[in-house]
Amino acid sequence: MARAPEPQAGRRVSSRAVDDYLRHLTVERGLARNSLASYRRDLAIYTDWLAAAGIAAPEAAAEADLSAFVRYLGSEREPTLAVSSIARVLSAVRGLHRFLAEEGRTPTDPAKDLRPPKLPMRLPKAIPVEQVAAIIEAARVGDEVIALRDVALLELLYATGARVSEATALNVDDLVDEEVVRLFGKGGTERIVPVGSYARAALDAYLVRARPVLSKRGSATPALFLGARGRRMSRQAVWQVLQDAAERAGVEASVSPHTLRHSFATHLLAGGADVRVVQELLGHASVSTTQIYTLVTADTLREMYTVAHPRAR
């Protein structure tokens with residue numbers, strides 16, 4: 001089998017098709033700037049390969065060319081790509097060719113049967129409830145104003161399963177009332193999530209006793225969580241708050257804001273919550289994304305069964 005061509009410097013493919021596709025994604029699907037940049041980078045890998053293969057434009061690619069491109073990504077490209085990155089590139093390429101076919105710019109879609117490599121299943125990492133509680137308790141140490149903010153922040157992350165980007169984007173007005181918060185997820189989707197009593201109490205203490213102090217240190221901002229200088233907290237700052245609290249709590253497992261999101265979902269399902277309810281709370285577009293957490297819960301049940309049942313081993 002002939003080796004797929006390597007991209008060569010100085011050769012370029014017409015980018016009109018890619019530009020038109022990205023414009024379509026912007027106008028018709030409302031993709032965010034970061035998502036569009038990711039699509040552009042992935043499609044650049046494809047168009048560079050087409051140039052090296054002597055194919056002038058994506059419209060000229062045939063099904064055999066797409067198969068050769070898959071081989072190139074899987075075993076011949078240097079540097080190699082992770083399986084997840086290959087799947088992402090092929091998804092962008094499939095979308096491009098589907099767009100060209102639907103627009104009548106190609107008679108058929110040569111990528112319609114293109115299949116990405118199967119991704120290895122990675123189970124989410126959750127930590128026990130006791131460790132979550134210990135981390136939050138450890139955040140109470142130090143300057144009272146900062147401690148009140150950190151406790152409110154961590155309580156909210158665990159109480160709602162919010163992504164760190166959703167938490168840092170929160171404004172005070174997004175606390176709809178004492179029991180729910182409005183979160184804005186990927187693609188600007190909005191969801192309403194209940195806030196438990198622990199988080200409500202922590203937020204009340206922060207809003208009354210700490211946020212006014214922090215707000216005076218900077219210019220007026222509607223942001224809910226403020227840094228030491230009165231500005232909206234960054235994702236990196238949230239990560240550092242959690243790292244510091246976990247270290248003080250003696251939690252040796254690697255933790256991140258996403259760990260609290262995973263723990264939120266896992267603990268809900270372990271407590272008997274319906275998977276579709278958890279899907280809504282997490283803001284997942286598909287229940288299949290949420291169902292990976294049911295595997296975590298099933299693994300835990302099997303482990304407990306093996307240990308506890310007299311005839312399990």
# chains A, B, ... in the order shown; residues from 1 in each chain; ligands from 1
$ residues_around --residues "Ile146 (chain A)" --least-positions-apart "4" --cutoff "10 Å" --atoms "only C-alpha atoms" --output "compact mmCIF listing (two decimals) with N, CA and C atoms, in the first residue's frame"
# COMPACT_ATOMS: atom_id res chain seq x y z
N ALA A 139 -11.34 25.33 53.16
CA ALA A 139 -11.35 26.65 52.53
C ALA A 139 -11.71 27.76 53.52
N ARG A 140 -12.16 27.39 54.70
CA ARG A 140 -12.54 28.39 55.70
C ARG A 140 -11.33 29.02 56.39
N VAL A 141 -10.15 28.51 56.12
CA VAL A 141 -8.93 28.99 56.79
C VAL A 141 -8.45 30.28 56.15
N GLY A 142 -7.93 31.20 56.97
CA GLY A 142 -7.30 32.41 56.45
C GLY A 142 -8.19 33.64 56.55
N ASP A 150 -14.36 31.76 49.05
CA ASP A 150 -13.91 30.44 48.61
C ASP A 150 -14.91 29.35 49.00
N VAL A 151 -15.45 29.44 50.19
CA VAL A 151 -16.44 28.46 50.62
C VAL A 151 -17.69 28.54 49.74
N ALA A 152 -18.15 29.76 49.47
CA ALA A 152 -19.33 29.93 48.61
C ALA A 152 -19.07 29.39 47.21
N TYR A 206 -21.42 35.13 51.94
CA TYR A 206 -20.48 35.81 51.03
C TYR A 206 -21.06 37.13 50.52
N ALA A 210 -18.78 39.58 52.50
CA ALA A 210 -17.51 39.56 51.78
C ALA A 210 -17.54 40.28 50.44
N ARG A 211 -18.54 40.02 49.61
CA ARG A 211 -18.53 40.63 48.29
C ARG A 211 -18.51 42.15 48.33
N VAL A 213 -17.02 44.06 50.35
CA VAL A 213 -15.63 44.45 50.64
C VAL A 213 -14.77 44.31 49.39
N LEU A 214 -14.90 43.19 48.70
CA LEU A 214 -14.12 42.95 47.49
C LEU A 214 -14.51 43.92 46.38
N LEU A 226 -15.67 37.55 42.97
CA LEU A 226 -14.64 38.56 42.74
C LEU A 226 -13.31 38.13 43.33
N GLY A 227 -12.24 38.55 42.65
CA GLY A 227 -10.90 38.30 43.15
C GLY A 227 -10.51 39.33 44.19
N ALA A 228 -9.28 39.21 44.69
CA ALA A 228 -8.82 40.09 45.76
C ALA A 228 -8.80 41.55 45.34
N VAL A 241 -7.81 28.09 44.08
CA VAL A 241 -8.58 28.01 45.32
C VAL A 241 -8.81 26.55 45.70
$ residues_around --residues "Arg182 (chain A)" --least-positions-apart "3" --cutoff "8 Å" --atoms "only C-alpha atoms" --output "list in words"
Asp174, Leu175, Val176, Glu190, Arg191, Ile192 and Val193 of chain A
$ select_by_dssp --residues "region 45-199 of chain A" --states "helix (DSSP H, G or I)" --output "number ranges by chain"
A: 45-52, 58-60, 63-76, 83-102, 129-138, 144-160, 164-168, 172-174, 186-188, 197-199
$ atom_distance --atom1 "CA of Pro116 (chain A)" --atom2 "CA of Ser84 (chain A)"
9.1 Å
$ closest_residue --among "A:Asn34, A:Ile135, A:Leu183, A:Ala57" --to "Arg248 (chain A)" --atoms "only C-alpha atoms"
A:Ile135
$ select_by_dssp --residues "region 104-293 of chain A" --states "strand (DSSP E or B)" --output "VMD selection string"
chain A and resid 171 180 to 184 190 to 194 223 226 232
$ write_last_selection --atoms "all heavy atoms" --output "tab-separated table (two decimals), in the first residue's frame"
chain	number	residue	atom	x	y	z
A	171	ASN	N	-23.18	36.20	37.15
A	171	ASN	CA	-23.40	37.54	37.71
A	171	ASN	C	-24.33	37.42	38.91
A	171	ASN	O	-25.03	36.41	39.07
A	171	ASN	CB	-24.02	38.47	36.66
A	171	ASN	CG	-23.05	38.78	35.53
A	171	ASN	OD1	-21.83	38.81	35.74
A	171	ASN	ND2	-23.59	39.00	34.35
A	180	VAL	N	-32.52	28.70	43.37
A	180	VAL	CA	-32.04	28.30	42.04
A	180	VAL	C	-31.06	29.32	41.49
A	180	VAL	O	-31.07	30.49	41.87
A	180	VAL	CB	-33.22	28.12	41.03
A	180	VAL	CG1	-34.14	27.01	41.45
A	180	VAL	CG2	-33.97	29.42	40.85
A	181	VAL	N	-30.21	28.82	40.57
A	181	VAL	CA	-29.24	29.68	39.89
A	181	VAL	C	-29.36	29.45	38.40
A	181	VAL	O	-29.69	28.35	37.94
A	181	VAL	CB	-27.80	29.38	40.38
A	181	VAL	CG1	-27.40	27.96	40.04
A	181	VAL	CG2	-26.80	30.36	39.80
A	182	ARG	N	-29.11	30.50	37.63
A	182	ARG	CA	-29.17	30.42	36.16
A	182	ARG	C	-27.75	30.24	35.64
A	182	ARG	O	-26.87	31.08	35.89
A	182	ARG	CB	-29.77	31.70	35.58
A	182	ARG	CG	-29.92	31.69	34.06
A	182	ARG	CD	-30.31	33.05	33.52
A	182	ARG	NE	-31.59	33.50	34.04
A	182	ARG	CZ	-31.75	34.51	34.88
A	182	ARG	NH1	-30.70	35.16	35.35
A	182	ARG	NH2	-32.94	34.88	35.28
A	183	LEU	N	-27.50	29.13	34.94
A	183	LEU	CA	-26.18	28.85	34.38
A	183	LEU	C	-26.24	28.92	32.86
A	183	LEU	O	-27.23	28.52	32.25
A	183	LEU	CB	-25.70	27.45	34.80
A	183	LEU	CG	-25.47	27.23	36.30
A	183	LEU	CD1	-25.12	25.77	36.55
A	183	LEU	CD2	-24.37	28.15	36.82
A	184	PHE	N	-25.17	29.43	32.27
A	184	PHE	CA	-25.08	29.52	30.81
A	184	PHE	C	-23.98	28.58	30.34
A	184	PHE	O	-22.81	28.78	30.63
A	184	PHE	CB	-24.79	30.96	30.38
A	184	PHE	CG	-25.92	31.91	30.71
A	184	PHE	CD1	-25.94	32.59	31.92
A	184	PHE	CD2	-26.97	32.08	29.82
A	184	PHE	CE1	-26.98	33.44	32.23
A	184	PHE	CE2	-28.02	32.94	30.13
A	184	PHE	CZ	-28.03	33.61	31.34
A	190	GLU	N	-28.99	27.98	28.22
A	190	GLU	CA	-29.31	28.38	29.59
A	190	GLU	C	-30.04	27.26	30.31
A	190	GLU	O	-30.86	26.56	29.72
A	190	GLU	CB	-30.19	29.63	29.56
A	190	GLU	CG	-30.65	30.11	30.92
A	190	GLU	CD	-31.59	31.31	30.82
A	190	GLU	OE1	-31.55	32.01	29.79
A	190	GLU	OE2	-32.39	31.53	31.76
A	191	ARG	N	-29.71	27.07	31.58
A	191	ARG	CA	-30.44	26.10	32.38
A	191	ARG	C	-30.57	26.63	33.81
A	191	ARG	O	-29.73	27.41	34.27
A	191	ARG	CB	-29.75	24.74	32.37
A	191	ARG	CG	-28.41	24.66	33.08
A	191	ARG	CD	-27.78	23.28	32.86
A	191	ARG	NE	-26.57	23.06	33.65
A	191	ARG	CZ	-25.37	23.49	33.32
A	191	ARG	NH1	-25.20	24.19	32.20
A	191	ARG	NH2	-24.32	23.23	34.09
A	192	ILE	N	-31.62	26.20	34.47
A	192	ILE	CA	-31.88	26.58	35.86
A	192	ILE	C	-31.57	25.38	36.74
A	192	ILE	O	-32.08	24.28	36.50
A	192	ILE	CB	-33.34	27.02	36.05
A	192	ILE	CG1	-33.65	28.23	35.16
A	192	ILE	CG2	-33.63	27.34	37.51
A	192	ILE	CD1	-32.87	29.48	35.51
A	193	VAL	N	-30.72	25.58	37.74
A	193	VAL	CA	-30.27	24.48	38.60
A	193	VAL	C	-30.57	24.83	40.06
A	193	VAL	O	-30.30	25.95	40.50
A	193	VAL	CB	-28.76	24.23	38.43
A	193	VAL	CG1	-28.30	23.07	39.31
A	193	VAL	CG2	-28.44	23.92	36.96
A	194	PRO	N	-31.15	23.89	40.80
A	194	PRO	CA	-31.40	24.14	42.23
A	194	PRO	C	-30.09	24.32	43.00
A	194	PRO	O	-29.05	23.79	42.62
A	194	PRO	CB	-32.12	22.86	42.69
A	194	PRO	CG	-32.61	22.21	41.44
A	194	PRO	CD	-31.64	22.56	40.37
A	223	ALA	N	-20.18	40.78	38.30
A	223	ALA	CA	-19.70	39.42	38.55
A	223	ALA	C	-20.04	38.95	39.95
A	223	ALA	O	-19.92	39.72	40.91
A	223	ALA	CB	-18.20	39.35	38.32
A	226	LEU	N	-15.67	37.55	42.97
A	226	LEU	CA	-14.64	38.56	42.74
A	226	LEU	C	-13.31	38.13	43.33
A	226	LEU	O	-13.24	37.47	44.37
A	226	LEU	CB	-15.06	39.88	43.38
A	226	LEU	CG	-16.41	40.46	42.94
A	226	LEU	CD1	-16.69	41.76	43.69
A	226	LEU	CD2	-16.44	40.68	41.43
A	232	ARG	N	-13.65	40.18	38.29
A	232	ARG	CA	-14.22	38.84	38.09
A	232	ARG	C	-13.11	37.80	38.22
A	232	ARG	O	-12.02	37.95	37.64
A	232	ARG	CB	-14.88	38.74	36.72
A	232	ARG	CG	-15.61	37.41	36.47
A	232	ARG	CD	-16.17	37.35	35.06
A	232	ARG	NE	-17.18	38.35	34.82
A	232	ARG	CZ	-18.46	38.21	35.07
A	232	ARG	NH1	-18.90	37.06	35.58
A	232	ARG	NH2	-19.32	39.18	34.82
